[in-house]
>>> print(open('model24.cif').read())   # mmCIF, C-alpha atoms
data_query
loop_
_atom_site.label_atom_id
_atom_site.label_comp_id
_atom_site.auth_asym_id
_atom_site.auth_seq_id
_atom_site.Cartn_x
_atom_site.Cartn_y
_atom_site.Cartn_z
CA MET L 1 -15.21 -9.75 -22.80
CA GLY L 2 -18.93 -10.65 -22.93
CA GLN L 3 -18.38 -12.99 -25.90
CA TYR L 4 -15.74 -14.90 -23.93
CA ASN L 5 -18.19 -15.33 -21.06
CA ASP L 6 -20.84 -16.75 -23.39
CA ASP L 7 -18.30 -19.07 -25.04
CA TYR L 8 -17.00 -20.23 -21.68
CA LEU L 9 -20.53 -20.90 -20.41
CA ARG L 10 -21.25 -22.96 -23.55
CA CYS L 11 -18.07 -24.97 -22.94
CA LEU L 12 -19.10 -25.53 -19.32
CA GLU L 13 -22.59 -26.66 -20.24
CA THR L 14 -21.40 -29.07 -22.94
CA LEU L 15 -18.07 -30.07 -21.35
CA ASP L 16 -16.35 -29.01 -24.57
CA VAL L 17 -12.66 -29.63 -23.88
CA ALA L 18 -11.46 -28.59 -27.36
CA GLY L 19 -13.59 -25.46 -27.22
CA VAL L 20 -12.36 -24.38 -23.82
CA ARG L 21 -8.76 -25.06 -24.83
CA ALA L 22 -9.24 -22.79 -27.87
CA LEU L 23 -10.83 -20.14 -25.65
CA TRP L 24 -7.98 -20.35 -23.14
CA ALA L 25 -5.49 -19.97 -26.01
CA ARG L 26 -7.34 -16.89 -27.35
CA THR L 27 -7.40 -15.24 -23.93
CA GLY L 28 -3.85 -16.21 -22.99
CA ALA L 29 -4.98 -18.20 -19.97
CA SER L 30 -2.74 -20.99 -18.73
CA GLN L 31 -3.93 -24.47 -19.65
CA PRO L 32 -3.83 -27.89 -18.05
CA LYS L 33 -1.30 -30.29 -19.60
CA THR L 34 -3.79 -32.98 -20.66
CA ASP L 35 -7.35 -33.14 -21.95
CA ARG L 36 -8.24 -35.21 -18.87
CA GLU L 37 -7.05 -32.36 -16.62
CA ALA L 38 -8.98 -29.88 -18.76
CA LEU L 39 -12.11 -32.01 -18.40
CA ALA L 40 -11.63 -32.15 -14.63
CA SER L 41 -11.23 -28.36 -14.63
CA LEU L 42 -14.50 -27.98 -16.56
CA HIS L 43 -16.33 -30.29 -14.16
CA TYR L 44 -15.00 -28.35 -11.16
CA ALA L 45 -15.95 -25.01 -12.71
CA ARG L 46 -19.45 -26.40 -13.43
CA THR L 47 -19.94 -27.29 -9.77
CA CYS L 48 -19.03 -23.72 -8.82
CA SER L 49 -21.09 -21.89 -11.44
CA THR L 50 -24.56 -20.65 -10.56
CA ARG L 51 -25.23 -20.08 -14.27
CA VAL L 52 -25.15 -23.81 -15.06
CA HIS L 53 -28.32 -25.87 -14.47
CA THR L 54 -28.36 -27.72 -11.15
CA ASN L 55 -28.61 -31.16 -12.79
CA LYS L 56 -25.42 -30.53 -14.76
CA ARG L 57 -23.69 -29.27 -11.63
CA ALA L 58 -24.86 -32.43 -9.82
CA TYR L 59 -23.47 -34.63 -12.59
CA SER L 60 -20.10 -32.88 -12.41
CA HIS L 61 -20.10 -33.25 -8.62
CA SER L 62 -20.62 -36.98 -9.05
CA TRP L 63 -17.94 -37.24 -11.74
CA LEU L 64 -15.40 -35.44 -9.57
CA ARG L 65 -16.21 -37.60 -6.53
CA GLY L 66 -15.87 -40.72 -8.67
CA GLU L 67 -12.40 -39.55 -9.69
CA GLY L 68 -11.44 -38.72 -6.11
CA LEU L 69 -11.21 -34.99 -6.90
CA PRO L 70 -12.55 -32.02 -4.94
CA THR L 71 -15.86 -30.48 -5.88
CA GLY L 72 -17.05 -26.89 -5.61
CA LEU L 73 -20.73 -27.72 -5.19
CA PRO L 74 -22.21 -25.85 -2.22
CA ASP L 75 -23.21 -27.99 0.76
CA ASN L 76 -26.91 -27.20 0.32
CA LEU L 77 -26.89 -28.92 -3.13
CA LYS L 78 -24.76 -31.97 -2.30
CA ALA L 79 -27.56 -34.18 -0.95
CA LYS L 80 -29.66 -33.60 -4.09
CA ALA L 81 -26.65 -34.21 -6.32
CA GLU L 82 -25.83 -37.48 -4.58
CA ARG L 83 -29.43 -38.66 -4.98
CA LEU L 84 -29.47 -37.77 -8.68
CA TYR L 85 -26.06 -39.24 -9.47
CA PRO L 86 -24.85 -41.69 -6.85
CA VAL L 87 -21.21 -42.72 -7.18
CA VAL L 88 -21.06 -46.28 -8.47
CA LYS L 89 -18.23 -48.44 -7.21
CA GLY L 90 -17.08 -51.70 -8.75
CA VAL L 91 -16.75 -54.73 -6.56
CA ALA L 92 -14.72 -57.89 -6.60
CA GLY L 93 -16.50 -61.11 -5.75
CA ILE L 94 -14.56 -64.16 -4.66
CA SER L 95 -16.03 -67.64 -4.73
CA VAL L 96 -14.10 -70.80 -3.97
CA ILE L 97 -15.97 -74.10 -3.73
CA SER L 98 -14.33 -77.26 -2.43
CA LYS L 99 -14.99 -80.03 0.07
CA HIS L 100 -11.54 -79.39 1.50
CA PRO L 101 -11.28 -76.38 3.83
CA GLN L 102 -7.52 -76.01 3.23
CA ILE L 103 -8.09 -75.50 -0.50
CA VAL L 104 -10.79 -72.91 0.14
CA THR L 105 -8.60 -71.06 2.63
CA GLU L 106 -5.49 -71.04 0.40
CA VAL L 107 -7.20 -70.08 -2.84
CA ARG L 108 -9.49 -67.48 -1.27
CA GLY L 109 -6.52 -65.98 0.59
CA ALA L 110 -4.50 -65.63 -2.62
CA MET L 111 -7.41 -63.94 -4.36
CA GLU L 112 -8.11 -61.65 -1.40
CA ASP L 113 -4.47 -60.53 -1.39
CA VAL L 114 -4.80 -59.40 -5.02
CA VAL L 115 -7.95 -57.41 -4.26
CA GLU L 116 -6.54 -55.83 -1.10
CA ASN L 117 -3.31 -54.83 -2.85
CA ALA L 118 -5.15 -53.34 -5.81
CA TYR L 119 -7.46 -51.34 -3.52
CA ALA L 120 -4.47 -50.19 -1.45
CA ASP L 121 -2.86 -48.92 -4.68
CA GLY L 122 -6.07 -47.03 -5.48
CA ASN L 123 -7.07 -49.29 -8.36
CA GLU L 124 -10.65 -50.45 -7.83
CA ASP L 125 -11.40 -51.24 -11.48
CA PRO L 126 -12.87 -54.75 -11.78
CA ALA L 127 -11.41 -55.05 -15.30
CA TYR L 128 -7.96 -54.69 -13.74
CA ILE L 129 -8.57 -56.84 -10.67
CA ARG L 130 -10.40 -59.84 -12.13
CA PRO L 131 -7.63 -61.20 -14.38
CA ARG L 132 -5.12 -60.84 -11.56
CA MET L 133 -7.47 -62.65 -9.18
CA MET L 134 -7.86 -65.51 -11.65
CA GLU L 135 -4.08 -65.74 -12.06
CA ALA L 136 -3.62 -65.84 -8.26
CA ARG L 137 -6.27 -68.56 -8.11
CA LYS L 138 -4.42 -70.64 -10.72
CA LYS L 139 -1.10 -70.27 -8.90
CA ALA L 140 -2.61 -71.21 -5.54
CA ILE L 141 -4.24 -74.34 -6.99
CA LYS L 142 -0.96 -75.26 -8.69
CA ARG L 143 0.92 -74.88 -5.38
CA LEU L 144 -1.57 -77.16 -3.65
CA PHE L 145 -1.44 -79.94 -6.24
#
>>> encode(input="model24.cif", output="structure tokens")
Amino acid sequence: MGQYNDDYLRCLETLDVAGVRALWARTGASQPKTDREALASLHYARTCSTRVHTNKRAYSHSWLRGEGLPTGLPDNLKAKAERLYPVVKGVAGISVISKHPQIVTEVRGAMEDVVENAYADGNEDPAYIRPRMMEARKKAIKRLF
């Protein structure tokens, strides 16, 4: 059993999804359905493990928070982890320039609706939001003219 522990610790430290899947298969452990779920499982296990270096545990804490997943990092390490690896959020900037207030209001409103709907659906990725904002902008301008 000691060899499995060493192999598992190596997989935790390196976030080796293929390696941990092979280990789980050898030991008969149940496995997540996707590699993404396996990666999330490794990150969670890293936050819980006292055998993994604190910086790696902090990184996994940040990764899990960024994905909206629970973390097993103890409370006494969370402040340090959040200083080391702050969660970065994308933003959507809206700029509408016109001498006519009605145009600004209409176009900005259409773009804001896209952003608010995307955020409400849990999609905060600027690469997803920006093209939809630009399309809403085009449609609003077309409606006005």
>>> closest_residue(input="model24.cif", among="L:Ile97, L:Leu15, L:Ile103, L:Ala40", to="Pro70 (chain L)", atoms="all atoms listed in the file")
L:Ala40
>>> closest_residue(input="model24.cif", among="L:Leu144, L:Ala136, L:Ala92, L:Val107", to="Tyr119 (chain L)", atoms="only C-alpha atoms")
L:Ala92
>>> resolve_selection(input="model24.cif", expression="the PyMOL selection byres ((chain L and resi 21) around 10)", output="PyMOL selection string")
chain L and resi 11+16-20+22-27+29-32+35+38
>>> axis_aligned_box(input="model24.cif", around="region 70-79 of chain L", padding_each_side="4 Å", output="JSON")
{"center_x": -20.1, "center_y": -30.0, "center_z": -2.6, "size_x": 23.0, "size_y": 16.3, "size_z": 14.6}
>>> resolve_selection(input="model24.cif", expression="the PyMOL selection byres ((chain L and resi 81) around 8)", output="PyMOL selection string")
chain L and resi 55+57-59+61-62+77-80+82-86
>>> atom_distance(input="model24.cif", atom1="CA of Arg137 (chain L)", atom2="CA of Ile94 (chain L)")
10.0 Å
>>> residues_around(input="model24.cif", residues="Ser95 (chain L)", least_positions_apart="5", cutoff="10 Å", atoms="only C-alpha atoms", output="PyMOL selection string")
chain L and resi 104+107-108+111
>>> closest_residue(input="model24.cif", among="L:Ala140, L:Cys48, L:Leu39, L:Val96", to="Asp75 (chain L)", atoms="only C-alpha atoms")
L:Cys48
>>> atom_distance(input="model24.cif", atom1="CA of Gly72 (chain L)", atom2="CA of Thr47 (chain L)")
5.1 Å
>>> closest_residue(input="model24.cif", among="L:Glu112, L:Thr14, L:Glu135, L:Asp121", to="Val52 (chain L)", atoms="all atoms listed in the file")
L:Thr14
>>> atom_distance(input="model24.cif", atom1="CA of His43 (chain L)", atom2="CA of Asn5 (chain L)")
16.6 Å
>>> closest_residue(input="model24.cif", among="L:Val87, L:Leu64, L:Ile141, L:Leu73", to="Ala110 (chain L)", atoms="all atoms listed in the file")
L:Ile141
>>> closest_residue(input="model24.cif", among="L:Phe145, L:Ser49, L:Glu116, L:Thr34", to="Met133 (chain L)", atoms="all atoms listed in the file")
L:Glu116
